>>> print(open('protein.txt').read())   # compact mmCIF, C-alpha atoms
# COMPACT_ATOMS: atom_id res chain seq x y z
CA MET A 367 -25.52 15.34 11.36
CA ALA A 368 -25.07 12.58 8.76
CA GLN A 369 -22.55 10.13 10.08
CA LYS A 370 -22.29 6.54 11.21
CA LYS A 371 -20.46 5.03 14.16
CA ALA A 372 -17.75 2.51 13.31
CA GLY A 373 -20.01 -0.39 14.28
CA GLU A 374 -22.81 0.84 12.00
CA VAL A 375 -20.77 1.11 8.82
CA GLU A 376 -21.12 -2.52 7.71
CA ALA A 377 -24.92 -2.25 7.90
CA PHE A 378 -24.80 0.88 5.72
CA LEU A 379 -22.53 -0.86 3.23
CA SER A 380 -24.95 -3.77 2.88
CA ARG A 381 -27.63 -1.32 1.68
CA PRO A 382 -26.06 2.06 0.81
CA ASP A 383 -28.41 5.01 1.02
CA PHE A 384 -27.75 7.01 -2.14
CA SER A 385 -30.00 9.83 -0.98
CA PHE A 386 -26.63 10.97 0.39
CA PRO A 387 -24.78 11.59 -2.91
CA VAL A 388 -21.58 12.66 -1.13
CA ILE A 389 -19.95 9.89 0.90
CA LEU A 390 -16.74 10.27 2.89
CA LEU A 391 -14.79 7.23 4.06
CA TYR A 392 -11.87 7.88 6.40
CA GLY A 393 -9.56 5.95 8.71
CA PRO A 394 -5.99 4.85 9.39
CA ASP A 395 -6.17 1.76 7.16
CA PRO A 396 -6.05 2.84 3.48
CA GLY A 397 -6.81 -0.71 2.37
CA LEU A 398 -10.04 -0.85 4.37
CA VAL A 399 -11.08 2.60 3.14
CA ALA A 400 -10.40 1.59 -0.48
CA GLU A 401 -12.21 -1.72 -0.13
CA ARG A 402 -15.32 -0.10 1.29
CA SER A 403 -15.22 2.64 -1.31
CA ALA A 404 -15.07 0.00 -4.05
CA LYS A 405 -18.06 -1.78 -2.54
CA ILE A 406 -20.17 1.38 -2.56
CA ALA A 407 -19.05 2.11 -6.12
CA GLU A 408 -20.05 -1.39 -7.20
CA MET A 409 -23.48 -1.13 -5.57
CA SER A 410 -24.10 2.24 -7.22
CA GLY A 411 -24.70 0.41 -10.49
CA VAL A 412 -22.33 2.64 -12.43
CA ASP A 413 -20.01 0.91 -14.89
CA ARG A 414 -16.60 1.80 -13.43
CA ASN A 415 -14.92 0.92 -16.75
CA ASP A 416 -16.96 3.50 -18.65
CA PRO A 417 -14.87 6.70 -18.86
CA PHE A 418 -18.03 8.72 -19.57
CA ALA A 419 -19.74 7.50 -16.40
CA ALA A 420 -16.91 7.07 -13.87
CA VAL A 421 -13.83 9.09 -13.03
CA THR A 422 -11.16 8.84 -10.32
CA LEU A 423 -9.41 11.98 -9.12
CA ALA A 424 -6.40 12.53 -6.87
CA ALA A 425 -6.94 14.92 -3.97
CA ASP A 426 -3.56 16.63 -4.34
CA GLU A 427 -4.26 17.36 -8.01
CA LEU A 428 -7.69 18.76 -7.17
CA GLU A 429 -6.10 21.23 -4.76
CA LYS A 430 -4.41 22.78 -7.81
CA ASP A 431 -7.67 22.88 -9.80
CA ILE A 432 -10.66 22.45 -7.50
CA GLY A 433 -13.00 23.54 -10.28
CA ARG A 434 -12.50 20.10 -11.82
CA LEU A 435 -14.48 18.52 -8.96
CA TYR A 436 -17.40 20.91 -9.43
CA ASP A 437 -17.39 20.23 -13.16
CA GLU A 438 -17.35 16.45 -12.76
CA ALA A 439 -20.03 16.41 -10.06
CA ARG A 440 -22.41 18.65 -11.97
CA THR A 441 -21.91 17.18 -15.43
CA VAL A 442 -24.88 15.21 -16.75
CA SER A 443 -24.04 11.70 -17.96
CA LEU A 444 -23.73 11.55 -21.75
CA PHE A 445 -25.92 8.44 -22.00
CA GLY A 446 -28.10 9.01 -18.95
CA GLY A 447 -27.90 7.35 -15.53
CA ARG A 448 -25.76 8.16 -12.52
CA ARG A 449 -22.16 9.36 -12.75
CA LEU A 450 -19.52 8.21 -10.27
CA ILE A 451 -16.70 10.47 -9.03
CA ARG A 452 -14.12 8.96 -6.67
CA VAL A 453 -11.58 11.17 -4.92
CA ARG A 454 -8.55 9.43 -3.43
CA GLY A 455 -5.89 10.54 -0.96
CA ALA A 456 -7.91 13.26 0.76
CA GLY A 457 -6.51 14.86 3.87
CA ALA A 458 -6.16 18.42 5.16
CA GLY A 459 -6.55 20.20 1.82
CA LYS A 460 -8.64 23.36 2.28
CA GLY A 461 -9.87 23.57 -1.30
CA LEU A 462 -11.26 20.04 -1.31
CA ALA A 463 -12.88 20.46 2.11
CA GLU A 464 -14.68 23.60 0.97
CA ALA A 465 -15.77 22.09 -2.34
CA VAL A 466 -17.10 18.93 -0.70
CA GLY A 467 -18.98 21.11 1.79
CA ASP A 468 -20.59 23.00 -1.09
CA LEU A 469 -21.60 19.79 -2.89
CA ALA A 470 -22.99 18.34 0.35
CA ALA A 471 -25.28 21.31 0.91
CA SER A 472 -27.61 20.60 -2.01
CA PRO A 473 -28.74 17.51 -3.93
CA LEU A 474 -26.62 16.42 -6.88
CA GLU A 475 -28.48 15.54 -10.04
CA GLY A 476 -27.42 12.04 -11.07
CA ALA A 477 -23.97 12.05 -9.47
CA LEU A 478 -22.34 10.15 -6.62
CA VAL A 479 -19.14 11.52 -5.06
CA ILE A 480 -17.07 9.13 -2.94
CA VAL A 481 -14.14 10.65 -1.05
CA GLU A 482 -11.40 8.42 0.41
CA ALA A 483 -9.37 10.00 3.21
CA GLY A 484 -6.82 9.14 5.86
CA ASP A 485 -7.39 9.22 9.59
CA LEU A 486 -9.24 12.53 10.09
CA LYS A 487 -9.53 14.19 13.48
CA LYS A 488 -12.88 15.52 14.70
CA SER A 489 -11.66 19.03 13.98
CA ALA A 490 -10.69 18.25 10.36
CA ALA A 491 -12.48 20.60 7.95
CA LEU A 492 -13.30 17.84 5.45
CA ARG A 493 -14.88 15.64 8.10
CA ASN A 494 -16.81 18.56 9.65
CA ASN A 495 -18.16 19.72 6.30
CA VAL A 496 -19.42 16.26 5.42
CA GLU A 497 -20.96 15.61 8.83
CA ARG A 498 -22.80 18.93 8.66
CA GLY A 499 -23.85 18.49 5.04
CA ARG A 500 -27.52 17.75 4.48
CA PHE A 501 -26.77 15.44 1.55
CA ALA A 502 -23.57 13.79 2.75
CA MET A 503 -22.60 10.78 4.86
CA ALA A 504 -19.38 10.24 6.85
CA LEU A 505 -18.24 6.64 7.38
CA PRO A 506 -15.34 5.97 9.80
CA CYS A 507 -13.21 2.96 8.84
CA TYR A 508 -11.03 1.42 11.52
CA GLN A 509 -8.44 -1.32 11.36
CA ASP A 510 -9.30 -4.99 11.32
CA GLU A 511 -9.68 -6.37 14.81
CA GLY A 512 -10.86 -9.65 16.26
CA ARG A 513 -14.26 -10.39 14.75
CA ALA A 514 -13.62 -8.35 11.60
CA ILE A 515 -10.52 -10.38 10.74
CA ASP A 516 -12.30 -13.65 11.44
CA LYS A 517 -15.27 -12.56 9.36
CA MET A 518 -13.03 -11.75 6.40
CA ILE A 519 -11.22 -15.10 6.75
CA ASP A 520 -14.54 -16.98 6.91
CA GLU A 521 -15.87 -15.13 3.86
CA GLU A 522 -12.89 -16.09 1.70
CA LEU A 523 -12.67 -19.68 2.95
CA GLY A 524 -16.42 -20.13 2.51
CA GLN A 525 -16.28 -19.03 -1.11
CA SER A 526 -13.61 -21.69 -1.73
CA GLY A 527 -15.41 -24.40 0.24
CA LEU A 528 -12.59 -24.66 2.77
CA SER A 529 -12.47 -24.93 6.55
CA ILE A 530 -9.65 -24.11 8.94
CA ASP A 531 -8.72 -25.48 12.36
CA ARG A 532 -7.95 -23.33 15.40
CA GLU A 533 -4.16 -23.64 15.21
CA ALA A 534 -4.10 -22.69 11.53
CA ARG A 535 -6.47 -19.77 12.14
CA ASP A 536 -4.29 -18.42 14.95
CA GLU A 537 -1.20 -18.67 12.75
CA LEU A 538 -3.03 -16.95 9.89
CA ARG A 539 -4.27 -14.07 12.04
CA ALA A 540 -0.78 -13.51 13.42
CA ARG A 541 0.59 -13.15 9.88
CA LEU A 542 -2.02 -10.75 8.54
CA GLY A 543 -1.16 -7.07 8.46
CA ALA A 544 -3.21 -3.98 9.26
CA ASN A 545 -4.18 -3.35 5.63
CA ARG A 546 -7.54 -4.91 4.74
CA LEU A 547 -6.82 -5.31 1.03
CA ALA A 548 -3.39 -6.81 1.62
CA SER A 549 -4.80 -9.19 4.24
CA ARG A 550 -7.62 -10.32 1.98
CA GLY A 551 -5.13 -10.88 -0.81
CA GLU A 552 -3.04 -13.15 1.43
CA VAL A 553 -6.12 -15.18 2.42
CA ARG A 554 -7.17 -15.57 -1.21
CA LYS A 555 -3.67 -16.77 -2.07
CA LEU A 556 -3.95 -19.31 0.74
CA CYS A 557 -7.33 -20.50 -0.54
CA LEU A 558 -5.92 -21.03 -4.02
CA TYR A 559 -2.99 -22.99 -2.58
CA ALA A 560 -5.27 -25.26 -0.50
CA LEU A 561 -7.98 -25.65 -3.15
CA GLY A 562 -9.16 -29.25 -3.31
CA ALA A 563 -7.99 -30.11 0.21
CA PRO A 564 -10.58 -30.75 2.94
CA SER A 565 -9.22 -27.96 5.15
CA VAL A 566 -6.44 -25.42 5.56
CA THR A 567 -3.60 -26.55 7.82
CA GLU A 568 -1.03 -24.65 9.83
CA ALA A 569 1.63 -25.90 7.41
CA ASP A 570 -0.34 -24.39 4.50
CA VAL A 571 -0.40 -21.01 6.23
CA ARG A 572 3.34 -21.06 6.91
CA ALA A 573 4.09 -22.12 3.35
CA VAL A 574 2.04 -19.42 1.62
CA VAL A 575 1.13 -16.44 3.76
CA GLY A 576 3.77 -13.73 4.00
CA ASP A 577 4.72 -12.32 7.39
CA VAL A 578 5.43 -8.59 7.10
CA SER A 579 6.17 -7.91 10.74
CA ALA A 580 8.63 -6.21 13.03
CA ASP A 581 11.51 -7.86 11.15
CA THR A 582 10.77 -5.77 8.06
CA LEU A 583 10.40 -2.65 10.19
CA GLU A 584 13.86 -3.24 11.65
CA GLU A 585 15.31 -3.95 8.20
CA THR A 586 13.88 -0.67 6.92
CA ILE A 587 15.37 1.37 9.74
CA ASP A 588 18.72 -0.42 9.42
CA ALA A 589 18.80 0.31 5.70
CA ALA A 590 18.07 4.00 6.26
CA ALA A 591 20.55 4.50 9.11
CA SER A 592 23.36 2.61 7.36
CA GLY A 593 22.90 4.30 3.98
CA ASN A 594 21.52 1.36 1.98
CA VAL A 595 19.65 3.65 -0.41
CA LYS A 596 19.00 1.08 -3.16
CA ARG A 597 17.29 -1.42 -0.85
CA LEU A 598 15.19 1.08 1.07
CA PRO A 599 12.34 1.72 -1.46
CA HIS A 600 11.57 -2.02 -1.65
CA LEU A 601 11.42 -2.31 2.14
CA ILE A 602 9.18 0.74 2.45
CA ASP A 603 6.84 -0.71 -0.20
CA ARG A 604 6.59 -3.96 1.77
CA LEU A 605 5.60 -2.12 4.94
CA VAL A 606 3.11 0.10 3.14
CA SER A 607 1.47 -2.86 1.38
CA ALA A 608 1.03 -4.54 4.76
CA GLY A 609 -0.58 -1.43 6.20
CA THR A 610 2.13 -0.58 8.71
CA ALA A 611 1.14 2.72 10.31
CA THR A 612 3.44 5.66 9.58
CA PHE A 613 3.65 6.53 13.26
CA GLN A 614 5.23 3.11 13.89
CA LEU A 615 7.98 3.87 11.41
CA HIS A 616 8.61 7.31 12.84
CA GLN A 617 8.57 6.18 16.47
CA ASN A 618 10.91 3.27 15.83
CA LEU A 619 13.23 5.51 13.84
CA LEU A 620 13.27 8.03 16.69
CA ARG A 621 14.11 5.34 19.26
CA TYR A 622 16.85 3.95 17.02
CA PHE A 623 18.66 7.29 16.73
CA GLN A 624 18.22 7.97 20.43
CA GLN A 625 20.01 4.69 21.12
CA LEU A 626 22.60 5.49 18.44
CA GLN A 627 23.23 8.82 20.15
CA THR A 628 23.98 7.08 23.45
CA MET A 629 26.30 4.62 21.72
CA ARG A 630 28.10 7.36 19.80
CA GLU A 631 28.76 9.23 23.03
CA MET A 632 30.61 6.14 24.27
CA VAL A 633 32.74 6.23 21.13
CA GLU A 634 33.46 9.96 20.90
CA ARG A 635 33.59 10.90 24.58
CA GLY A 636 34.44 7.58 26.19
CA GLY A 637 36.97 6.48 23.60
CA GLU A 638 35.49 2.99 23.28
CA PRO A 639 35.90 0.98 20.05
CA ILE A 640 32.82 0.72 17.86
CA GLY A 641 32.93 -3.09 17.90
CA ARG A 642 32.89 -3.23 21.70
CA VAL A 643 29.98 -0.76 21.98
CA VAL A 644 27.95 -2.80 19.47
CA GLU A 645 28.74 -6.10 21.19
CA ARG A 646 27.49 -4.70 24.47
CA ARG A 647 24.10 -4.08 22.81
CA ARG A 648 23.95 -7.73 21.71
CA PRO A 649 22.08 -7.07 18.46
CA HIS A 650 20.68 -9.89 16.36
CA PHE A 651 23.39 -11.21 14.07
CA ARG A 652 21.44 -10.00 11.02
CA ARG A 653 21.46 -6.42 12.34
CA LYS A 654 25.02 -6.29 13.63
CA ALA A 655 26.76 -5.18 10.41
CA ALA A 656 24.21 -2.43 9.73
CA LEU A 657 24.47 -1.15 13.30
CA GLU A 658 28.26 -1.03 13.14
CA ALA A 659 28.09 0.81 9.82
CA ALA A 660 25.61 3.36 11.20
CA LEU A 661 27.61 3.90 14.40
CA ALA A 662 30.79 4.46 12.41
CA ALA A 663 29.13 6.84 9.95
CA TRP A 664 27.08 9.17 12.14
CA PRO A 665 28.96 11.80 14.22
CA LEU A 666 27.28 12.88 17.45
CA GLU A 667 26.48 16.34 16.07
CA GLU A 668 24.76 14.88 13.00
CA ILE A 669 22.72 12.46 15.15
CA THR A 670 21.40 15.41 17.17
CA THR A 671 20.34 17.13 13.96
CA ILE A 672 18.60 13.99 12.71
CA LEU A 673 16.70 13.60 15.99
CA GLN A 674 15.41 17.14 15.66
CA ARG A 675 14.40 16.44 12.06
CA ILE A 676 12.51 13.27 13.03
CA GLU A 677 10.62 15.07 15.80
CA ARG A 678 9.60 17.84 13.37
CA ASP A 679 8.46 15.29 10.81
CA ILE A 680 6.41 13.40 13.40
CA LEU A 681 4.62 16.63 14.27
CA SER A 682 4.08 17.46 10.58
CA SER A 683 2.67 14.00 9.81
CA ARG A 684 0.17 14.36 12.65
CA LYS A 685 -0.97 17.77 11.46
CA GLU A 686 -1.15 16.72 7.80
CA GLY A 687 -2.67 13.24 8.00
CA GLY A 688 -3.08 12.95 4.25
CA LEU A 689 0.64 13.54 3.73
CA ALA A 690 1.86 11.30 6.58
CA LEU A 691 3.12 8.55 4.29
CA THR A 692 4.91 10.98 1.98
CA ILE A 693 6.56 12.70 4.95
CA THR A 694 7.70 9.38 6.43
CA GLN A 695 9.10 8.11 3.13
CA LYS A 696 11.03 11.35 2.61
CA THR A 697 12.42 11.17 6.15
CA LEU A 698 13.75 7.66 5.60
CA LEU A 699 15.18 8.36 2.16
CA ASP A 700 16.84 11.60 3.25
CA ILE A 701 18.47 9.83 6.19
CA ALA A 702 19.68 7.02 3.92
CA VAL A 703 21.21 9.48 1.43
CA GLU A 704 22.95 11.37 4.25
CA ALA A 705 24.25 8.11 5.75
CA ALA A 706 25.62 7.04 2.37
CA HIS A 707 27.32 10.42 2.03
CA LEU A 708 28.89 10.15 5.50
CA ARG A 709 30.14 6.63 4.77
CA ALA A 710 31.65 7.81 1.49
CA GLN A 711 33.51 10.54 3.36
CA ILE A 712 34.94 7.95 5.76
CA GLY A 713 36.05 5.83 2.80
CA ARG A 714 37.89 8.79 1.24
CA ALA A 715 39.59 9.73 4.51
>>> encode(input="protein.txt", output="structure tokens")
Amino acid sequence: MAQKKAGEVEAFLSRPDFSFPVILLYGPDPGLVAERSAKIAEMSGVDRNDPFAAVTLAADELEKDIGRLYDEARTVSLFGGRRLIRVRGAGAGKGLAEAVGDLAASPLEGALVIVEAGDLKKSAALRNNVERGRFAMALPCYQDEGRAIDKMIDEELGQSGLSIDREARDELRARLGANRLASRGEVRKLCLYALGAPSVTEADVRAVVGDVSADTLEETIDAAASGNVKRLPHLIDRLVSAGTATFQLHQNLLRYFQQLQTMREMVERGGEPIGRVVERRRPHFRRKAALEAALAAWPLEEITTILQRIERDILSSRKEGGLALTITQKTLLDIAVEAAHLRAQIGRA
């Protein structure tokens, strides 16, 4: 079985073994997967700007025409040398899994196929086919933790000739998200800001490095539940760019509507004013208006329906890992549109 453990991947990346012409990278952090894929592509020696030598394909499009992958992988380079085929957004697609399995069973003449996927379970067909393939390698990519974050910080600071004290490092680590590419981008921005200084300070970190944290998650859920449709796409983009896991969005959304259900029962069945019910929750002042708007808009029956919808979508996103982000985005946007519709009805009443 051709696969590496998570702790062995960095060693493979330092000296990729191209006797495995099919390479699968998978994990929950799309930024880390993309970064490692780019590193392998760079070390392959193929000019990624040459359209005759390199091509990037979307997994969902290949499912509609899987023959395209066979054609690209088995086409001889027009000017000689290796060809590079990168497939992005792979997940539970059956056509791609079967095609990759076929390509992994025999050597490819002058082609390298790199497949980028989400967090694949052990039972996933794509992962199984690669791990069993004689000419394929599976590389698990897991989120930045401890040493990996520090290593990335040290790499970027070292290239800029900068040092960082403990307090500044702690502040920086706390502000970095789960997405490797986004985190590296923030550190590079910090290095540019501090260029010429002897070291990076805590004040530098606070001045430059963005903090996409729980605040943005709460803003996103508030926008969806209160019907702020126009603002929602921007908030979702911020969370995605920071690598916020889709399950975090779904779980927080589920908890929010469970709490909203309890509060709405007090209004409909207990006859309590909306303002009093909200005050009892003591929300942060920035969330109070959105919570009041959501509580006023959503009838108890509709909240029950939404809770059922969220639970179904959570299950779907777990079964279809490659579509998890799409499912989550649609859930949030559909809720926001429905909330806006309910608020409009109240305004016309």
>>> residues_around(input="protein.txt", residues="Pro564 of chain A", least_positions_apart="4", cutoff="10 Å", atoms="only C-alpha atoms", output="PyMOL selection string")
chain A and resi 527-530+560
>>> residues_around(input="protein.txt", residues="Asn494 of chain A", least_positions_apart="5", cutoff="10 Å", atoms="only C-alpha atoms", output="list in words")
Met367, Ala463, Gly467, Leu486, Lys487, Lys488, Ser489, Gly499 and Ala504 of chain A
>>> residues_near_point(input="protein.txt", point="(17.8, 11.1, 24.4)", cutoff="12 Å", atoms="all atoms listed in the file", output="list in words")
Leu620, Arg621, Tyr622, Phe623, Gln624, Gln625, Leu626, Gln627, Thr628, Met629, Arg630, Glu631, Leu666, Ile669, Thr670, Leu673, Gln674 and Glu677 of chain A
>>> atom_distance(input="protein.txt", atom1="atom CA of Arg550 of chain A", atom2="atom CA of Glu537 of chain A")
15.1 Å
>>> atom_distance(input="protein.txt", atom1="atom CA of Leu450 of chain A", atom2="atom CA of Gln525 of chain A")
28.9 Å
>>> atom_distance(input="protein.txt", atom1="atom CA of Ala407 of chain A", atom2="atom CA of Lys517 of chain A")
21.7 Å
>>> closest_residue(input="protein.txt", among="A:Ala425, A:Leu558, A:Leu505, A:Ile602", to="Ser526 of chain A", atoms="only C-alpha atoms")
A:Leu558
>>> residues_around(input="protein.txt", residues="Gly641 of chain A", least_positions_apart="2", cutoff="10 Å", atoms="all atoms listed in the file", output="PyMOL selection string")
chain A and resi 633+638-639+643-646+654-655+657-658+661-662
>>> residues_around(input="protein.txt", residues="Glu374 of chain A", least_positions_apart="3", cutoff="12 Å", atoms="all atoms listed in the file", output="PyMOL selection string")
chain A and resi 369-371+377-382+504-508
>>> write_last_selection(input="protein.txt", atoms="C-alpha atoms", output="mmCIF file, keeping the file's coordinate frame")
data_model
loop_
_atom_site.group_PDB
_atom_site.id
_atom_site.type_symbol
_atom_site.label_atom_id
_atom_site.label_comp_id
_atom_site.auth_asym_id
_atom_site.auth_seq_id
_atom_site.Cartn_x
_atom_site.Cartn_y
_atom_site.Cartn_z
ATOM 1 C CA GLN A 369 -22.550 10.130 10.080
ATOM 2 C CA LYS A 370 -22.290 6.540 11.210
ATOM 3 C CA LYS A 371 -20.460 5.030 14.160
ATOM 4 C CA ALA A 377 -24.920 -2.250 7.900
ATOM 5 C CA PHE A 378 -24.800 0.880 5.720
ATOM 6 C CA LEU A 379 -22.530 -0.860 3.230
ATOM 7 C CA SER A 380 -24.950 -3.770 2.880
ATOM 8 C CA ARG A 381 -27.630 -1.320 1.680
ATOM 9 C CA PRO A 382 -26.060 2.060 0.810
ATOM 10 C CA ALA A 504 -19.380 10.240 6.850
ATOM 11 C CA LEU A 505 -18.240 6.640 7.380
ATOM 12 C CA PRO A 506 -15.340 5.970 9.800
ATOM 13 C CA CYS A 507 -13.210 2.960 8.840
ATOM 14 C CA TYR A 508 -11.030 1.420 11.520
#
>>> residues_around(input="protein.txt", residues="Val566 of chain A", least_positions_apart="3", cutoff="9 Å", atoms="all atoms listed in the file", output="PyMOL selection string")
chain A and resi 523+528-531+534-535+556-557+560-561+563+569-571
>>> closest_residue(input="protein.txt", among="A:Met503, A:Leu598, A:Ala465, A:Ala590", to="Glu704 of chain A", atoms="all atoms listed in the file")
A:Ala590
>>> closest_residue(input="protein.txt", among="A:Arg647, A:Lys696, A:Arg448, A:Arg414", to="Glu475 of chain A", atoms="only C-alpha atoms")
A:Arg448
>>> closest_residue(input="protein.txt", among="A:Asp416, A:Glu533, A:Glu482, A:Asp679", to="Pro396 of chain A", atoms="only C-alpha atoms")
A:Glu482
>>> closest_residue(input="protein.txt", among="A:Pro665, A:Gly457, A:Gly524, A:Gly476", to="Leu391 of chain A", atoms="only C-alpha atoms")
A:Gly457
>>> closest_residue(input="protein.txt", among="A:Glu686, A:Asp426, A:Asp520, A:Asp468", to="Arg440 of chain A", atoms="all atoms listed in the file")
A:Asp468
